[in-house]
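Visitor: I'd like to ask you about the structure that follows.
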Protein chains: 4
Amino acid sequence: MPLRRAGAFLMARRLRYAMVGGGTGSFIGPVHRIAARIDDRWELVAGAFSSNPARSAEVSTECHIAAERAYPDWQSMIAAEAARPAAERIDAVAIVTPNHLHAAPAIAALDAGFHVICDKPLAASFEEGRRIAEAVSRSGRLFVLTHVYTGYPMVREMRRLVQSGALGTIRIVRAEYAQDWLTRPLEREVHKQAEWRSDPQRSGPAGALGDIGTHAFHLASFVTDLQAEALCADLSSFGAGRQLDDNAHILLRYPNGVKGTLWASQVAPGRGNRLWLGVYGSEGGVEWSQEEPNTLRFTRIGEAPQRIERGSPACTAGNYVTRAPRGHPEGWLEAFAQIYSDAADLITGSTEDRGASLAPQIEAGLDGMAFISGALRSNARNAWLSRDEWTDNQ
Amino acid sequence: MPLRRAGAFLMARRLRYAMVGGGTGSFIGPVHRIAARIDDRWELVAGAFSSNPARSAEVSTECHIAAERAYPDWQSMIAAEAARPAAERIDAVAIVTPNHLHAAPAIAALDAGFHVICDKPLAASFEEGRRIAEAVSRSGRLFVLTHVYTGYPMVREMRRLVQSGALGTIRIVRAEYAQDWLTRPLEREVHKQAEWRSDPQRSGPAGALGDIGTHAFHLASFVTDLQAEALCADLSSFGAGRQLDDNAHILLRYPNGVKGTLWASQVAPGRGNRLWLGVYGSEGGVEWSQEEPNTLRFTRIGEAPQRIERGSPACTAGNYVTRAPRGHPEGWLEAFAQIYSDAADLITGSTEDRGASLAPQIEAGLDGMAFISGALRSNARNAWLSRDEWTDNQ
Amino acid sequence: MPLRRAGAFLMARRLRYAMVGGGTGSFIGPVHRIAARIDDRWELVAGAFSSNPARSAEVSTECHIAAERAYPDWQSMIAAEAARPAAERIDAVAIVTPNHLHAAPAIAALDAGFHVICDKPLAASFEEGRRIAEAVSRSGRLFVLTHVYTGYPMVREMRRLVQSGALGTIRIVRAEYAQDWLTRPLEREVHKQAEWRSDPQRSGPAGALGDIGTHAFHLASFVTDLQAEALCADLSSFGAGRQLDDNAHILLRYPNGVKGTLWASQVAPGRGNRLWLGVYGSEGGVEWSQEEPNTLRFTRIGEAPQRIERGSPACTAGNYVTRAPRGHPEGWLEAFAQIYSDAADLITGSTEDRGASLAPQIEAGLDGMAFISGALRSNARNAWLSRDEWTDNQ
Amino acid sequence: MPLRRAGAFLMARRLRYAMVGGGTGSFIGPVHRIAARIDDRWELVAGAFSSNPARSAEVSTECHIAAERAYPDWQSMIAAEAARPAAERIDAVAIVTPNHLHAAPAIAALDAGFHVICDKPLAASFEEGRRIAEAVSRSGRLFVLTHVYTGYPMVREMRRLVQSGALGTIRIVRAEYAQDWLTRPLEREVHKQAEWRSDPQRSGPAGALGDIGTHAFHLASFVTDLQAEALCADLSSFGAGRQLDDNAHILLRYPNGVKGTLWASQVAPGRGNRLWLGVYGSEGGVEWSQEEPNTLRFTRIGEAPQRIERGSPACTAGNYVTRAPRGHPEGWLEAFAQIYSDAADLITGSTEDRGASLAPQIEAGLDGMAFISGALRSNARNAWLSRDEWTDNQ
C-alpha cells in the first residue's frame with residue numbers, strides 16, 4: 001500500500017494564499033479551496049471573492065477568513081497584502097475568475113511579488129497571455145496553471161511509461177474531451193456557467209476549444225513531451241444562436257512524423273466529462289480515461305493488455321503522487337490537490353528547480369493560447385497551418 | 001426471448017452458390033462458408049478455390065463438394081455452371097480473392113446471369129469498381145458487398161434509433177477502426193494476410209484505408225443515411241518499408257453542417273479489431289463498439305445513459321435479425337450470416353425490393369472506392385477536398 | 001490470426017442426426033440446429049419435432065427434410081431409422097424436449113445403437129439419470145450433454161490456465177448464473193418457456209437450480225477438475241405462486257479445503273444471462289463472464305491484471321476451438337457448435353478416446369442430478385450435507 | 001452541475017479534534033486527517049499519535065500542532081484537554097489505533113465529555129463493544145464509526161432508490177468485499193499492516209471477517225435497512241500459518257424471506273479492494289461497485305439498464321453529499337470526508353437528530369461485532385445460527 005511519503009510534507013508552516021473570484025455560485029472557486037486543503041500545505045487567509053459584497057462576505061465567513069482580509073476587490077487586496085509584514089503576508093494568489101479577468105490580477109500579483117496559481121485557459125487572447133508571461137519573467141515569481149488533469153497519478157504514470165520508451169517510437173497521439181452540458185442552449189436560460197463560458201466578451205474567442213480543448217492539447221504534450229507543429233481544425237457551433245465553438249475536430253502533426261487528433265465537444269450527449277488520451281508507438285500502446293482514472297490500459301505488442309492500477313507494484317511514478325492505496329479510488333479533487341502540492345514544492349524549493357517540475361507553468365499557458373489562435377485561424381482558412389502561422393507574433 | 005421468425009426461412013430450397021478463392025490458408029473464405037451455413041439458406045455446391053490444385057481439392061473435400069464441381073479456375077467454373085440445367089445450376093458466386101481479383105470474376109459472373117456476393121473493398125481502383133457497377137446494371141443481377149458489420153443486430157438498432165429521430169438533429173459522427181496486427185512489419189515475414197494486404201499490386205493503392213477504413217466509412221453512412229461531401233485526410237505508413245498507409249486520420253463533412261471524423265489504423269497496439277461508432281445529435285447520443293457488440297449505449301440528453309441489449313424489449317429492429325436471446329452473445333459470424341440471409345431475402349424476393357434492403361450493395365462499394373480515392377488525393381494535396389474532387393469522373 | 005485448423009474437419013462425410021423435440025415455438029431446438037451447422041460436420045436428416053403434426057411439418061419443411069423422415073413420434077422414428085441401410089441411417093439423435101421427456105427417447109436411442117446429444121439437465125430426477133447412465137453403459141454409445149458454456153474458447157483457456165498451475169494451489173471457486181426473466185410470474189401468462197420450466201411435472205423438482213444452477217456447477221468442475229464434496233443450500237421461490245425455486249444461494253466445499261459458492265437466480269433484474277466464474281489460488285486468479293466471453297481477466301499475484309483475448313498469442317488452448325480471429329467476437333452459438341464438433345470428433349474417433357475429450361458426457365449429467373438432489377435436501381434440512389447424503393443411492 | 005450547498009458549511013468555527021494513533025507508518029491515520037480537512041469543518045489541534053515519541057513528534061510537526069498538544073499517550077491527552085478552557089478544548093477524539101486499542105480511549109474520551117470518531121471494526125470483541133455502547137449511553141456523546149463506504153454519494157443514492165420502492169419488494173441482497181493483499185503470507189515479512197491485522201492479540205478473533213466483512217455487512221444493512229436474522233458461515237485461513245480467517249463465505253437471511261450472501265476475502269488475486277453490492281427486488285435491481293464508485297447500475301424490470309451518474313439529474317440523494325460535478329470522479333477520500341461532515345452536522349445540530357443521520361453510529365458498531373461473533377460460531381458449529389445465538393448476551 002504505497003502512500004505519498006509523509007516526509008514530503010514536512011514544512012515549517014503552511015503557505016498562505018488569497019483568492020480572486022470564487023464567490024457564491026462559482027463552480028471552480030470551492031474546488032480550488034478543497035484542492036488546497038487536501039495535502040494541508042496551504043491556508044486560505046484572504047480573498048476578493050466577488051464584486052458583490054454580500055457574496056464575498058458569505059465565502060469569507062464560510063472559510064473563517066479574518067474580516068479585515070476579505071477585500072472588496074483584487075486591487076485593494078494586492079496592495080494591502082503587500083503591505084503586511086512577511087510573517088503574515090500571503091505567499092500566493094489563486095485566480096479563479098472568468099478568462100477575461102485573469103491577466104490584470106495575475107500581472108498585478110506577480111509585480112507585487114506574489115506567486116500566482118491561475119485557472120485555465122491562461123487568458124482571453126494570446127496577446128494577454130504574452131503580457132502575463134512578461135510579468136512572470138520580470139518578477140521571477142512562480143506561475144502555475146491548473147491544468148488539473150496532469151495531476152492524476154495515472155497520467156503521470158502514463159508519461160513515465162511513454163518517456164521510458166516502453167512504447168518504442170511514438171507514432172500516434174489521440175486526445176478527446178467530450179462533454180454534453182451545452183447540448184441544449186443553456187446559456188439562454190439562467191445558468192451562470194453556461195452564460196460566461198459562451199460569451200466572447202468574457203470567455204475570449206474560443207468556446208469548447210478554450211475551455212476543454214486546451215486541457216486535451218496540454219495533456220497530449222504533457223504525456224509525450226511533443227509540441228504540435230501543424231494543425232487543421234474544423235469547428236462548429238451547434239447550439240442555437242451560440243457564438244462560440246462547441247465542437248472541434250482537429251488533426252495534429254507532431255515532429256518526426258508523429259500524427260495526432262483532438263476532439264473537444266460540449267455537445268456529445270452521454271458523455272459528462274470524458275477526457276481520454278491514447279498514445280501508440282512501435283512497441284506498445286497506452287490509454288487513459290478520466291471515466292476510470294485509477295488505471296491505465298497498457299499493451300506491449302504481442303502481449304495481453306494490462307490494467308495498471310494506481311498504488312500497485314506495477315505502477316511507479318504514479319505512486320509518488322497518490323494518497324490512497326490500490327483499490328481505493330482517487331478522483332478529480334485529488335488530481336487538483338496535486339497541482340497545489342506541486343506549487344508548494346516549487347515555492348518551498350523541495351524540487352530541484354521549476355524546469356524539473358511537472359506542474360503546468362506559464363509555457364503551458366502560452367502554448368494553449370497559441371493552440372486556440374491556430375485552431376481558429378485554421379478553421380477560418382479551411383486549411384492546415386504550421387505553428388508559425390498560429391499567431392501573429394510568436 | 002424474441003428470436004428471428006422461423007417463417008422467414010421457409011424457402012422451397014436452399015440457394016446454391018460457388019466460391020472463387022478461399023483455399024487453404026485463406027482467412028476470409030472459411031468465414032464466408034460458415035456465414036452461409038448459419039441460417040441454412042445457402043448450399044455451397046461448387047468452387048474455384050485456388051490456383052493451386054492441391055489446395056483447391058482440400059477445400060472441396062472438406063466441403064463435400066462433388067468432384068466435378070471443383071473447378072481449376074473461375075473462368076471454367078462460370079462457363080460450366082452456366083451450362084448446367086436450372087435445377088442444379090448455382091444461383092450466386094461468392095468472391096473472396098484479394099482486391100485486385102474481384103473485378104474480373106464479378107463481371108463475368110454477373111454477365112453469365114449469376115448473382116454476386118463479394119468481399120470488400122469493391123476493387124483495387126475506382127475505375128475497376130465502375131466497371132463492376134456497369135455489369136450489375138446491364139445484368140440486373142444482385143451484387144452484395146460483405147460490409148459485414150452492418151449485419152450486427154445492434155448496428156441495425158442504432159440505425160433505427162438515429163433515423164427515428166431519437167437523437168434529434170444529427171450533429172456529429174465519429175467512426176474508428178483500430179487494429180494492431182501491422183504494428184511490426186509482418187509483411188516482411190511469411191504472413192500471407194500481411195503480404196497481400198500491404199502489396200499495392202494486389203491490394204490497390206490503399207492499405208488500412210481500404211481494408212478497414214471503408215468499413216468505418218460505410219458504417220457511418222449506413223447508420224445515419226448521410227453521404228460525406230468533403231474530407232481532409234492525413235495518412236501515414238509507419239511500418240518500416242511499408243508502401244501503403246497503415247494509419248489514417250480523416251476529417252469529414254456531411255450535409256447540413258454535420259461533422260465527422262474517421263480513424264483507421266493497423267498500428268494501434270492493444271486494439272485487436274476495435275470498430276466503434278458514435279453519433280450525437282441535438283437530443284441524444286448513441287455509441288456502439290464491436291468489442292461489446294450486443295449492446296448500445298444510448299443517452300437522451302438529461303437522462304441516464306441506457307445500455308440497450310440485443311434481444312431485450314428495449315430493442316426493436318435489432319431483434320428481427322438475431323438468433324439467440326438476450327444475454328446469449330452473438331458475434332461477428334452471425335453478423336456475417338446476416339449479410340448472406342439478406343442476400344437470400346433479396347434473391348427470393350422476400351423483401352419488397354433491393355432499394356428497401358439494408359444489405360450493402362454496389363452503391364456502397366462505389367462509395368467506398370470514391371472515399372479511398374478522395375482520401376489519397378486529399379493527403380497528397382494536404383488539403384480539404386469536396387466530393388466532386390475525389391475521383392476524376394464521378 | 002490463429003483459426004481452427006481446417007484439417008480437423010476433413011471427414012469422409014457429414015454425420016447424420018435426427019431431432020426429438022424442437023418444433024415451432026421451441027427455444028432450444030433451432031439453436032441446436034444452428035450449432036450443428038456451424039462447423040459443417042452434421043446434417044439434420046430426420047425428426048420427431050412435435051406431437052403436433054402441423055408444427056412438426058413446419059420444421060421439416062424449413063429444414064428441407066425428406067417427407068418420409070419427418071416422424072409423428074420418437075418411437076416410430078427410432079424404429080424406422082434403425083431399419084434403414086447404414087449408408088443413410090442416422091448416426092445420432094439430438095434430444096431437445098423438456099426435462100421429463102429426456103430419459104425415454106435417450107434410452108431407446110442408445111439401445112437402438114444411436115449416439116445421443118441431449119439438452120441439460122440430464123433428466124427430471126436422479127433416478128431417471130441413473131437409468132440413462134445404464135443405457136449408455138450397456139450400449140457403448142456416446143452420450144453428450146449440451147453444457148454449452150464449456151464450449152467457449154475462453155472457458156477452455158481458463159481450464160488450461162487453472163490446470164497448468166498458473167494460479168498455484170486453488171483456494172476459492174465462485175460461480176454465478178443470474179437471469180431476470182422470471183422476476184415477474186411469467187408462467188401465469190401464456191409463455192411456453194416459463195410454463196414448462198416452472199412446472200414440476202415437466203421440469204422436475206428443481207427450477208433455477210436445474211435450469212441454470214447445473215450449468216454453473218458443471219462449469220466450476222470443468223474448469224478446476226474438482227468435485228464438490230459438501231454443500232449448504234438456501235433456496236427461494238420468490239415469484240408469486242411459483243412452485244419451484246427461482247433463486248439458490250449455495251456454499252460448496254471441494255477437496256483439500258477449497259471453498260466455493262454458487263448463485264443461480266432467475267429473479268435478478270438487470271442480468272439477462274450472466275454466467276460468471278472466478279477461480280483464485282495461491283499465486284493468481286482468473287475470472288470469466290459470459291457478458292464478455294472473448295476475454296479472461298487473469299492476474300498473477302503482484303502483477304497487473306491481464307486481459308487475455310481469444311485468438312491472441314497469449315491464448316493457447318482457446319485458440320484450437322475458435323473460428324474467428326482476435327477482436328472478431330464469437331458468441332454463444334459458436335460455443336454450442338463446439339459441443340457438436342466435440343461430439344463429431346468423438347464419433348469419428350479424431351480424439352484419442354472419450355476420456356480425453358472435454359465434451360460433457362454422462363458423468364457430468366449424473367453429477368448435475370446429484371447436485372440438484374443434494375441442494376434440495378440441504379435446503380429442506382437447513383444444513384450442510386456431504387456428498388454421500390445428496391442422493392439415496394449414489 | 002449540482003454541488004454540495006455551501007450553506008451547509010456555514011459554521012461559527014471549525015470543530016477541533018485530537019487523534020489517538022496514526023503515527024508515521026500508519027495507513028489509516030493520514031487518511032482520517034485528509035478526510036477531516038476536505039470539507040473544512042474540522043481542525044486537528046492535538047494528538048497522541050504513537051507510543052514512540054519520535055514518530056509522534058514527526059506527525060505533530062507535519063500537522064503544525066502546537067508542541068504542548070502533542071501528547072505522549074491518550075490518557076494524558078484526555079486529561080489535559082478536558083482541563084482546557086472551552087474556547088480551545090477539543091470537541092472530539094478520533095481513534096485510529098488497531099482494534100484492541102479502541103475501547104479504552106473511546107470510553108475515556110466519552111466519559112470526559114468528548115465526542116468520538118472511531119475506526120472500524122468497533123472493538124476486538126463483542127464484550128468490549130458493549131462497554132463502549134454503555135459509555136455512549138451514559139455520556140450522551142456522539143460516537144461515529146468510520147464505515148466510510150456509506151459516505152459514497154452513490155451508496156446514498158442506492159439507499160434512496162431501494163427505500164423509495166423503486167425495486168419493489170426486496171428479495172436478494174448480495175455483498176462482496178474482495179482484496180488480494182494477503183494472498184501471500186505478508187505477515188511473516190516486515191509489514192506493519194499485515195502484522196497487526198493477522199494477529200489475534202491486536203485484531204481480535206476475526207481476520208477478513210472483521211477488517212472488511214463488517215464493511216460489507218454494514219453496507220447491506222445501510223442500503224436496505226434490513227437486519228440479518230440468521231447466518232451460515234464458512235471461514236478459511238488459506239495463508240500459510242495464518243491464525244485468522246482470510247476468506248469468508250456467508251449465507252444470510254433477512255426478515256420476510258429476503259435472502260443474502262456475503263463474501264469477504266483478502267486472498268482473491270486480481271481484486272485490490274472490490275467492495276460490491278447488488279440488491280434485487282420484485283420490480284428492479286441495482287448494483288454498485290467501489291471499482292466504479294461514481295455510478296449505479298439500475299434496472300427496472302423490462303427496461304434497459306441505466307447508468308446513473310453522480311451529479312446528474314437522474315441522481316438525487318447522492319447529489320447532496322458531493323463536491324464535484326458529474327463526470328469529475330470523486331473517490332474514497334471524499335466518501336471518508338462525508339463521514340466527518342456527517343459527524344460535524346450531528347455535533348452542530350444541523351440535522352434534526354442523531355436518529356435521522358445516515359452516519360454509522362454505535363448501533364452499527366455493535367451490529368458488526370455481533371456479526372463477527374455469529375460468523376465465528378456458525379463456522380465452528382458448521383450450522384445455520386439465528387441472531388439470538390450469535391452472542392452470549394445480546
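A note on labels: chains of the C-alpha cells are A, B, ... as shown, every chain counts residues from 1, and ligands are counted from 1 in their shown order.
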Tell me which protein, DNA and RNA residues are within 12 Å of Ala87 (chain A), counting only C-alpha atoms, leaving out same-chain ones fewer than 6 positions away, and put them as a list of chain:residue names.
Guide: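 With the cut-off at 12 Å, the set is A:Arg13, A:Arg14, A:Leu15, A:Arg16, A:Glu81.
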Visitor: Given a cut-off of 8 Å, which residues of chain C touch chain B, counting only C-alpha atoms, written out as an MDAnalysis selection string?
Guide: chainID C and resid 6 9:13 24 31 34 37:40 61:64 271:274 290:293 323:324 326:333
Visitor: Taking only C-alpha atoms into account, name the residue in D:Asp225, D:Glu157, D:Asp246, D:Asp345 that is nearest to Ala264 (chain D).
Guide: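 Among the listed residues, D:Asp246 lies closest to Ala264 (chain D).
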Visitor: Would you pick out the contacts of Gly278 (chain C) at 7 Å or less, using only C-alpha atoms, so that residues sharing its chain but fewer than 3 positions from it are not included, and give the list as a ChimeraX atom specification?
Guide: /C:173-175,286-288
Visitor: Any idea what's packed within 7 Å of Arg130 (chain D), counting only C-alpha atoms, ignoring anything in its chain fewer than 4 positions away? Could you give it as an mmCIF file with all heavy atoms, in the first residue's frame?
Guide:
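After the write, out_31.cif holds the following:
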```
data_model
loop_
_atom_site.group_PDB
_atom_site.id
_atom_site.type_symbol
_atom_site.label_atom_id
_atom_site.label_comp_id
_atom_site.auth_asym_id
_atom_site.auth_seq_id
_atom_site.Cartn_x
_atom_site.Cartn_y
_atom_site.Cartn_z
ATOM 1 N N PHE D 126 -17.092 -8.545 21.094
ATOM 2 C CA PHE D 126 -18.441 -8.040 21.306
ATOM 3 C C PHE D 126 -18.559 -7.420 22.688
ATOM 4 O O PHE D 126 -19.192 -6.368 22.871
ATOM 5 C CB PHE D 126 -19.454 -9.178 21.133
ATOM 6 C CG PHE D 126 -20.867 -8.721 21.278
ATOM 7 C CD1 PHE D 126 -21.504 -8.056 20.230
ATOM 8 C CD2 PHE D 126 -21.564 -8.911 22.460
ATOM 9 C CE1 PHE D 126 -22.807 -7.600 20.367
ATOM 10 C CE2 PHE D 126 -22.870 -8.453 22.594
ATOM 11 C CZ PHE D 126 -23.487 -7.803 21.548
ATOM 12 N N GLU D 134 -22.192 1.277 26.363
ATOM 13 C CA GLU D 134 -22.645 1.806 27.653
ATOM 14 C C GLU D 134 -22.092 3.202 27.906
ATOM 15 O O GLU D 134 -22.793 4.076 28.409
ATOM 16 C CB GLU D 134 -22.210 0.857 28.780
ATOM 17 C CG GLU D 134 -23.001 -0.451 28.785
ATOM 18 C CD GLU D 134 -22.327 -1.548 29.630
ATOM 19 O OE1 GLU D 134 -21.283 -1.253 30.260
ATOM 20 O OE2 GLU D 134 -22.843 -2.681 29.618
ATOM 21 N N LEU D 366 -21.982 -2.156 17.100
ATOM 22 C CA LEU D 366 -22.394 -3.349 17.858
ATOM 23 C C LEU D 366 -22.890 -4.439 16.925
ATOM 24 O O LEU D 366 -22.625 -5.625 17.125
ATOM 25 C CB LEU D 366 -23.509 -2.983 18.829
ATOM 26 C CG LEU D 366 -23.074 -2.583 20.227
ATOM 27 C CD1 LEU D 366 -24.309 -2.358 21.094
ATOM 28 C CD2 LEU D 366 -22.178 -3.662 20.858
#
```
